[in-house]
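For reference, input_20.pdb (PDB, C-alpha atoms):
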ATOM      1  CA  MET A  15      76.648  57.320 111.094
ATOM      2  CA  ILE A  16      72.920  57.432 111.227
ATOM      3  CA  GLU A  17      71.429  60.778 110.428
ATOM      4  CA  GLY A  18      68.055  62.382 110.995
ATOM      5  CA  SER A  19      65.243  59.953 110.213
ATOM      6  CA  GLY A  20      67.454  56.880 110.650
ATOM      7  CA  LEU A  21      68.200  57.891 114.241
ATOM      8  CA  ASP A  22      64.502  58.456 114.814
ATOM      9  CA  ILE A  23      63.694  54.934 113.616
ATOM     10  CA  VAL A  24      66.304  53.384 115.950
ATOM     11  CA  ARG A  25      64.811  55.244 118.930
ATOM     12  CA  ARG A  26      61.312  54.078 117.993
ATOM     13  CA  VAL A  27      62.452  50.441 117.724
ATOM     14  CA  GLU A  28      64.225  50.626 121.105
ATOM     15  CA  ARG A  29      61.088  52.122 122.705
ATOM     16  CA  LEU A  30      58.892  49.375 121.147
ATOM     17  CA  GLU A  31      61.264  46.698 122.464
ATOM     18  CA  ARG A  32      61.035  48.171 125.993
ATOM     19  CA  GLU A  33      57.213  48.270 125.765
ATOM     20  CA  VAL A  34      57.060  44.689 124.519
ATOM     21  CA  GLY A  35      59.280  43.632 127.453
ATOM     22  CA  TRP A  36      56.887  45.301 129.880
ATOM     23  CA  TRP A  37      53.899  43.632 128.240
ATOM     24  CA  ARG A  38      55.646  40.263 128.486
ATOM     25  CA  ARG A  39      56.290  40.812 132.199
ATOM     26  CA  ILE A  40      52.690  41.933 132.782
ATOM     27  CA  GLY A  41      51.356  38.941 130.782
ATOM     28  CA  GLY A  42      53.594  36.494 132.700
ATOM     29  CA  ALA A  43      52.512  37.915 136.051
ATOM     30  CA  GLY A  44      48.861  37.764 134.940
ATOM     31  CA  ALA A  45      49.241  34.136 133.822
ATOM     32  CA  ALA A  46      50.938  33.217 137.135
ATOM     33  CA  PHE A  47      48.157  34.964 139.048
ATOM     34  CA  PHE A  48      45.522  33.079 137.009
ATOM     35  CA  VAL A  49      47.206  29.697 137.590
ATOM     36  CA  LEU A  50      47.638  30.278 141.346
ATOM     37  CA  THR A  51      44.072  31.542 141.717
ATOM     38  CA  SER A  52      42.751  28.508 139.810
ATOM     39  CA  LEU A  53      44.717  26.107 142.006
ATOM     40  CA  ALA A  54      43.522  27.809 145.183
ATOM     41  CA  TRP A  55      39.927  27.667 143.956
ATOM     42  CA  ALA A  56      40.261  23.984 143.014
ATOM     43  CA  SER A  57      41.722  23.088 146.417
ATOM     44  CA  ASP A  58      38.887  24.950 148.121
ATOM     45  CA  LEU A  59      36.383  22.886 146.135
ATOM     46  CA  GLY A  60      38.129  19.679 147.215
ATOM     47  CA  GLY A  61      37.783  20.605 150.897
ATOM     48  CA  SER A  62      34.100  21.419 150.752
ATOM     49  CA  VAL A  63      32.586  18.217 149.417
ATOM     50  CA  LYS A  64      29.038  18.001 150.751
ATOM     51  CA  GLU A  65      28.360  14.339 149.998
ATOM     52  CA  VAL A  66      30.268  11.184 149.123
ATOM     53  CA  ARG A  67      28.373   8.147 147.866
ATOM     54  CA  ALA A  68      29.730   4.620 147.956
ATOM     55  CA  THR A  69      28.673   1.111 148.914
ATOM     56  CA  SER A  70      31.626   0.695 151.299
ATOM     57  CA  PHE A  71      34.680   2.377 152.756
ATOM     58  CA  ILE A  72      37.695   0.232 153.627
ATOM     59  CA  LEU A  73      40.336   1.291 156.185
ATOM     60  CA  VAL A  74      43.753  -0.333 155.681
ATOM     61  CA  ASP A  75      46.981  -0.100 157.660
ATOM     62  CA  ALA A  76      50.445   0.687 156.261
ATOM     63  CA  ALA A  77      50.895  -2.983 155.243
ATOM     64  CA  GLY A  78      47.655  -2.974 153.254
ATOM     65  CA  GLN A  79      45.738  -5.149 155.749
ATOM     66  CA  THR A  80      42.056  -4.343 156.237
ATOM     67  CA  ARG A  81      41.439  -2.856 159.706
ATOM     68  CA  GLY A  82      37.953  -1.443 159.283
ATOM     69  CA  GLU A  83      35.020  -1.394 156.890
ATOM     70  CA  PHE A  84      31.927   0.741 156.741
ATOM     71  CA  GLY A  85      29.458  -0.884 154.388
ATOM     72  CA  PHE A  86      26.766  -3.512 154.380
ATOM     73  CA  VAL A  87      26.885  -6.346 156.919
ATOM     74  CA  PRO A  88      27.867  -9.741 155.475
ATOM     75  CA  GLY A  89      24.807 -11.981 155.508
ATOM     76  CA  GLY A  90      22.527  -9.026 156.186
ATOM     77  CA  GLY A  91      21.859  -8.384 152.525
ATOM     78  CA  SER A  92      22.384  -5.012 150.960
ATOM     79  CA  LYS A  93      19.940  -3.310 153.337
ATOM     80  CA  VAL A  94      21.731  -3.516 156.710
ATOM     81  CA  PRO A  95      24.604  -1.022 157.103
ATOM     82  CA  GLY A  96      27.391  -1.797 159.509
ATOM     83  CA  LEU A  97      30.830  -0.928 160.772
ATOM     84  CA  LEU A  98      33.334  -3.761 161.147
ATOM     85  CA  LEU A  99      36.634  -3.344 163.023
ATOM     86  CA  TRP A 100      39.491  -5.825 162.773
ATOM     87  CA  GLY A 101      41.662  -6.689 165.788
ATOM     88  CA  LYS A 102      45.430  -6.924 165.980
ATOM     89  CA  GLU A 103      45.343 -10.626 165.072
ATOM     90  CA  GLY A 104      43.509  -9.932 161.824
ATOM     91  CA  GLY A 105      39.983 -11.171 162.624
ATOM     92  CA  ILE A 106      36.854  -9.068 163.034
ATOM     93  CA  ALA A 107      36.820  -7.825 166.641
ATOM     94  CA  ALA A 108      33.789  -5.514 166.764
ATOM     95  CA  GLN A 109      30.640  -4.944 164.755
ATOM     96  CA  ILE A 110      28.043  -2.202 164.917
ATOM     97  CA  ASP A 111      25.124  -2.716 162.608
ATOM     98  CA  GLY A 112      21.687  -1.480 161.708
ATOM     99  CA  PHE A 113      19.758  -4.363 163.294
ATOM    100  CA  PRO A 114      20.556  -2.374 165.680
ATOM    101  CA  SER A 115      23.267  -4.113 167.652
ATOM    102  CA  PHE A 116      26.811  -3.759 168.933
ATOM    103  CA  ASN A 117      28.859  -6.956 169.026
ATOM    104  CA  LEU A 118      32.310  -7.724 170.378
ATOM    105  CA  LEU A 119      33.625 -10.867 168.709
ATOM    106  CA  GLY A 120      36.073 -13.576 169.714
ATOM    107  CA  LYS A 121      39.000 -14.851 167.647
ATOM    108  CA  ASP A 122      36.598 -17.139 165.799
ATOM    109  CA  GLU A 123      34.557 -14.032 164.780
ATOM    110  CA  HIS A 124      31.489 -15.165 166.782
ATOM    111  CA  SER A 125      29.737 -12.825 169.225
ATOM    112  CA  ARG A 126      30.991 -12.843 172.798
ATOM    113  CA  ILE A 127      29.152  -9.689 173.962
ATOM    114  CA  ALA A 128      26.009  -8.467 172.221
ATOM    115  CA  LEU A 129      24.079  -5.319 173.040
ATOM    116  CA  SER A 130      20.989  -5.007 170.886
ATOM    117  CA  VAL A 131      17.513  -3.612 170.534
ATOM    118  CA  ARG A 132      15.077  -6.317 169.554
ATOM    119  CA  SER A 133      12.376  -5.933 166.907
ATOM    120  CA  ASP A 134       9.863  -5.290 169.737
ATOM    121  CA  ASP A 135      12.017  -2.275 170.847
ATOM    122  CA  GLU A 136      13.286  -4.048 173.994
ATOM    123  CA  PRO A 137      17.031  -3.860 174.794
ATOM    124  CA  THR A 138      19.126  -6.909 175.668
ATOM    125  CA  LEU A 139      22.680  -7.506 176.807
ATOM    126  CA  GLU A 140      24.195 -10.958 176.363
ATOM    127  CA  PHE A 141      27.545 -12.499 177.246
ATOM    128  CA  LEU A 142      28.186 -15.687 175.251
ATOM    129  CA  ASP A 143      30.832 -18.383 175.554
ATOM    130  CA  LYS A 144      32.771 -19.950 172.668
ATOM    131  CA  ASP A 145      29.929 -22.444 172.090
ATOM    132  CA  GLY A 146      27.348 -19.660 171.753
ATOM    133  CA  VAL A 147      25.715 -20.409 175.128
ATOM    134  CA  LYS A 148      24.412 -17.274 176.857
ATOM    135  CA  ARG A 149      26.267 -17.085 180.172
ATOM    136  CA  VAL A 150      24.699 -13.740 181.153
ATOM    137  CA  LEU A 151      21.423 -12.368 179.842
ATOM    138  CA  LEU A 152      20.029  -9.012 180.899
ATOM    139  CA  GLY A 153      16.679  -7.875 179.517
ATOM    140  CA  ARG A 154      14.042  -9.546 177.385
ATOM    141  CA  GLY A 155      15.360 -12.531 175.549
ATOM    142  CA  GLU A 156      15.135 -16.165 174.678
ATOM    143  CA  LEU A 157      16.817 -18.709 176.848
ATOM    144  CA  LYS A 158      17.522 -22.133 175.337
ATOM    145  CA  THR A 159      17.993 -24.985 177.787
ATOM    146  CA  PRO A 160      21.109 -27.009 176.898
ATOM    147  CA  GLY A 161      20.350 -30.625 176.132
ATOM    148  CA  THR A 162      16.561 -30.291 175.789
ATOM    149  CA  GLY A 163      16.603 -27.317 173.401
ATOM    150  CA  GLU A 164      13.522 -25.867 175.123
ATOM    151  CA  VAL A 165      13.241 -22.108 174.486
ATOM    152  CA  LYS A 166      11.785 -19.802 177.146
ATOM    153  CA  GLN A 167      10.753 -16.189 176.564
ATOM    154  CA  LEU A 168      11.983 -13.994 179.412
ATOM    155  CA  PRO A 169      10.445 -10.655 180.473
ATOM    156  CA  MET A 170      12.193  -7.282 180.054
ATOM    157  CA  SER A 171      13.290  -7.242 183.694
ATOM    158  CA  SER A 172      15.230 -10.537 183.489
ATOM    159  CA  LEU A 173      18.745 -11.266 184.639
ATOM    160  CA  VAL A 174      20.102 -14.791 184.158
ATOM    161  CA  LEU A 175      23.540 -16.141 185.119
ATOM    162  CA  ARG A 176      24.724 -19.564 183.917
ATOM    163  CA  GLY A 177      27.641 -21.702 185.016
ATOM    164  CA  GLU A 178      30.202 -23.387 182.780
ATOM    165  CA  ASP A 179      28.005 -26.488 182.581
ATOM    166  CA  GLY A 180      25.184 -24.360 181.124
ATOM    167  CA  LYS A 181      22.974 -24.692 184.189
ATOM    168  CA  ILE A 182      21.329 -21.605 185.624
ATOM    169  CA  LEU A 183      23.201 -20.341 188.707
ATOM    170  CA  TRP A 184      20.934 -17.386 189.382
ATOM    171  CA  LYS A 185      17.825 -15.968 187.741
ATOM    172  CA  MET A 186      15.584 -12.994 188.371
ATOM    173  CA  PRO A 187      12.499 -13.098 187.969
TER
END

Would you write the structure of this file as structure tokens?
Amino acid sequence: MIEGSGLDIVRRVERLEREVGWWRRIGGAGAAFFVLTSLAWASDLGGSVKEVRATSFILVDAAGQTRGEFGFVPGGGSKVPGLLLWGKEGGIAAQIDGFPSFNLLGKDEHSRIALSVRSDDEPTLEFLDKDGVKRVLLGRGELKTPGTGEVKQLPMSSLVLRGEDGKILWKMP
């Protein structure tokens, strides 16, 4: 049997063990709160990025095939930004660039429809065949005569339609 002071010591030890248990629970809850708060803060930082810098962004499909690219236009040097979109057959199907122009491309990745603003600030719309011959030209532009290679400058108000043989079917003015 424990008498007097021995019983007092046992009670004190039991009380200290209960207090330590409470402190452990409070410390664990505090640590969990700190970790969860830190994670929430970090995820909030990830969602509020103000600026991303890169020389290109590549969009790929589930198979890893490139389907789009925002970067600098091939052949345009590192100063002409552009957006390239790949078609279902894998070739470049559309291009928007800083020349400025919007191009829809054929399977051979050559322009078929080109909407652009020339260096003199005049807009043009061109429909081209597979050989690069302008079949339809609307706006200011250059018209090359097949065979002779003669180049004519057309005014802003021009509309030219060509046949399959390259000869002009209709022209205004």

Identify all residues satisfying the PyMOL selection byres ((chain A and resi 138-143) around 7) in the given file; provide them as a PDB file with C-alpha atoms, keeping the file's coordinate frame.
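Wrote result_33.pdb, looks like this:
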ATOM      1  CA  SER A 125      29.737 -12.825 169.225  1.00  0.00           C
ATOM      2  CA  ARG A 126      30.991 -12.843 172.798  1.00  0.00           C
ATOM      3  CA  ILE A 127      29.152  -9.689 173.962  1.00  0.00           C
ATOM      4  CA  ALA A 128      26.009  -8.467 172.221  1.00  0.00           C
ATOM      5  CA  LEU A 129      24.079  -5.319 173.040  1.00  0.00           C
ATOM      6  CA  SER A 130      20.989  -5.007 170.886  1.00  0.00           C
ATOM      7  CA  VAL A 131      17.513  -3.612 170.534  1.00  0.00           C
ATOM      8  CA  GLU A 136      13.286  -4.048 173.994  1.00  0.00           C
ATOM      9  CA  PRO A 137      17.031  -3.860 174.794  1.00  0.00           C
ATOM     10  CA  LYS A 144      32.771 -19.950 172.668  1.00  0.00           C
ATOM     11  CA  ASP A 145      29.929 -22.444 172.090  1.00  0.00           C
ATOM     12  CA  GLY A 146      27.348 -19.660 171.753  1.00  0.00           C
ATOM     13  CA  VAL A 147      25.715 -20.409 175.128  1.00  0.00           C
ATOM     14  CA  LYS A 148      24.412 -17.274 176.857  1.00  0.00           C
ATOM     15  CA  ARG A 149      26.267 -17.085 180.172  1.00  0.00           C
ATOM     16  CA  VAL A 150      24.699 -13.740 181.153  1.00  0.00           C
ATOM     17  CA  LEU A 151      21.423 -12.368 179.842  1.00  0.00           C
ATOM     18  CA  LEU A 152      20.029  -9.012 180.899  1.00  0.00           C
ATOM     19  CA  GLY A 153      16.679  -7.875 179.517  1.00  0.00           C
ATOM     20  CA  ARG A 154      14.042  -9.546 177.385  1.00  0.00           C
ATOM     21  CA  GLY A 155      15.360 -12.531 175.549  1.00  0.00           C
TER      22      GLY A 155
END

Between atom CA of Pro88 of chain A and atom CA of Lys158 of chain A, what is the spacing in Å?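 Separation between atom CA of Lys158 of chain A and atom CA of Pro88 of chain A: 25.6 Å.
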
Name the residues in contact with Pro95 of chain A at a cut-off of 8 Å, using all atoms listed in the file, excluding same-chain residues fewer than 3 positions from it; report them as a PyMOL selection string. chain A and resi 84-87+92+111-112

Go through the shown structure with the PyMOL selection byres ((chain A and resi 96-99) around 12) and write out the matching residues as a PDB file with C-alpha atoms, in the frame of the given file.
ATOM      1  CA  THR A  69      28.673   1.111 148.914  1.00  0.00           C
ATOM      2  CA  SER A  70      31.626   0.695 151.299  1.00  0.00           C
ATOM      3  CA  PHE A  71      34.680   2.377 152.756  1.00  0.00           C
ATOM      4  CA  ILE A  72      37.695   0.232 153.627  1.00  0.00           C
ATOM      5  CA  LEU A  73      40.336   1.291 156.185  1.00  0.00           C
ATOM      6  CA  VAL A  74      43.753  -0.333 155.681  1.00  0.00           C
ATOM      7  CA  GLN A  79      45.738  -5.149 155.749  1.00  0.00           C
ATOM      8  CA  THR A  80      42.056  -4.343 156.237  1.00  0.00           C
ATOM      9  CA  ARG A  81      41.439  -2.856 159.706  1.00  0.00           C
ATOM     10  CA  GLY A  82      37.953  -1.443 159.283  1.00  0.00           C
ATOM     11  CA  GLU A  83      35.020  -1.394 156.890  1.00  0.00           C
ATOM     12  CA  PHE A  84      31.927   0.741 156.741  1.00  0.00           C
ATOM     13  CA  GLY A  85      29.458  -0.884 154.388  1.00  0.00           C
ATOM     14  CA  PHE A  86      26.766  -3.512 154.380  1.00  0.00           C
ATOM     15  CA  VAL A  87      26.885  -6.346 156.919  1.00  0.00           C
ATOM     16  CA  PRO A  88      27.867  -9.741 155.475  1.00  0.00           C
ATOM     17  CA  GLY A  89      24.807 -11.981 155.508  1.00  0.00           C
ATOM     18  CA  GLY A  90      22.527  -9.026 156.186  1.00  0.00           C
ATOM     19  CA  GLY A  91      21.859  -8.384 152.525  1.00  0.00           C
ATOM     20  CA  SER A  92      22.384  -5.012 150.960  1.00  0.00           C
ATOM     21  CA  LYS A  93      19.940  -3.310 153.337  1.00  0.00           C
ATOM     22  CA  VAL A  94      21.731  -3.516 156.710  1.00  0.00           C
ATOM     23  CA  PRO A  95      24.604  -1.022 157.103  1.00  0.00           C
ATOM     24  CA  TRP A 100      39.491  -5.825 162.773  1.00  0.00           C
ATOM     25  CA  GLY A 101      41.662  -6.689 165.788  1.00  0.00           C
ATOM     26  CA  LYS A 102      45.430  -6.924 165.980  1.00  0.00           C
ATOM     27  CA  GLU A 103      45.343 -10.626 165.072  1.00  0.00           C
ATOM     28  CA  GLY A 104      43.509  -9.932 161.824  1.00  0.00           C
ATOM     29  CA  GLY A 105      39.983 -11.171 162.624  1.00  0.00           C
ATOM     30  CA  ILE A 106      36.854  -9.068 163.034  1.00  0.00           C
ATOM     31  CA  ALA A 107      36.820  -7.825 166.641  1.00  0.00           C
ATOM     32  CA  ALA A 108      33.789  -5.514 166.764  1.00  0.00           C
ATOM     33  CA  GLN A 109      30.640  -4.944 164.755  1.00  0.00           C
ATOM     34  CA  ILE A 110      28.043  -2.202 164.917  1.00  0.00           C
ATOM     35  CA  ASP A 111      25.124  -2.716 162.608  1.00  0.00           C
ATOM     36  CA  GLY A 112      21.687  -1.480 161.708  1.00  0.00           C
ATOM     37  CA  PHE A 113      19.758  -4.363 163.294  1.00  0.00           C
ATOM     38  CA  PRO A 114      20.556  -2.374 165.680  1.00  0.00           C
ATOM     39  CA  SER A 115      23.267  -4.113 167.652  1.00  0.00           C
ATOM     40  CA  PHE A 116      26.811  -3.759 168.933  1.00  0.00           C
ATOM     41  CA  ASN A 117      28.859  -6.956 169.026  1.00  0.00           C
ATOM     42  CA  LEU A 118      32.310  -7.724 170.378  1.00  0.00           C
ATOM     43  CA  LEU A 119      33.625 -10.867 168.709  1.00  0.00           C
ATOM     44  CA  GLU A 123      34.557 -14.032 164.780  1.00  0.00           C
TER      45      GLU A 123
END

Point-to-point distance in Å for atom CA of Lys185 of chain A and atom CA of Thr159 of chain A: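 Atom CA of Lys185 of chain A lies at a distance of 13.4 Å from atom CA of Thr159 of chain A.
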
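Atom pair atom CA of Lys181 of chain A / atom CA of Gly161 of chain A: separated by 10.3 Å.
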
Using all atoms listed in the file, pick whichever of A:Glu156, A:Thr51, A:Leu183, A:His124 has the shortest atom-to-atom distance to Met170 of chain A.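 Of A:Glu156, A:Thr51, A:Leu183, A:His124, the one nearest Met170 of chain A is A:Glu156, counting all atoms listed in the file.
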
Starting from 4 Å padding per side, set up an axis-aligned box that covers all listed atoms of segment 81-86 of chain A and hand over centre and edge lengths in Å, one decimal, as JSON.
{"center_x": 34.1, "center_y": -1.4, "center_z": 157.0, "size_x": 22.7, "size_y": 12.3, "size_z": 13.3}
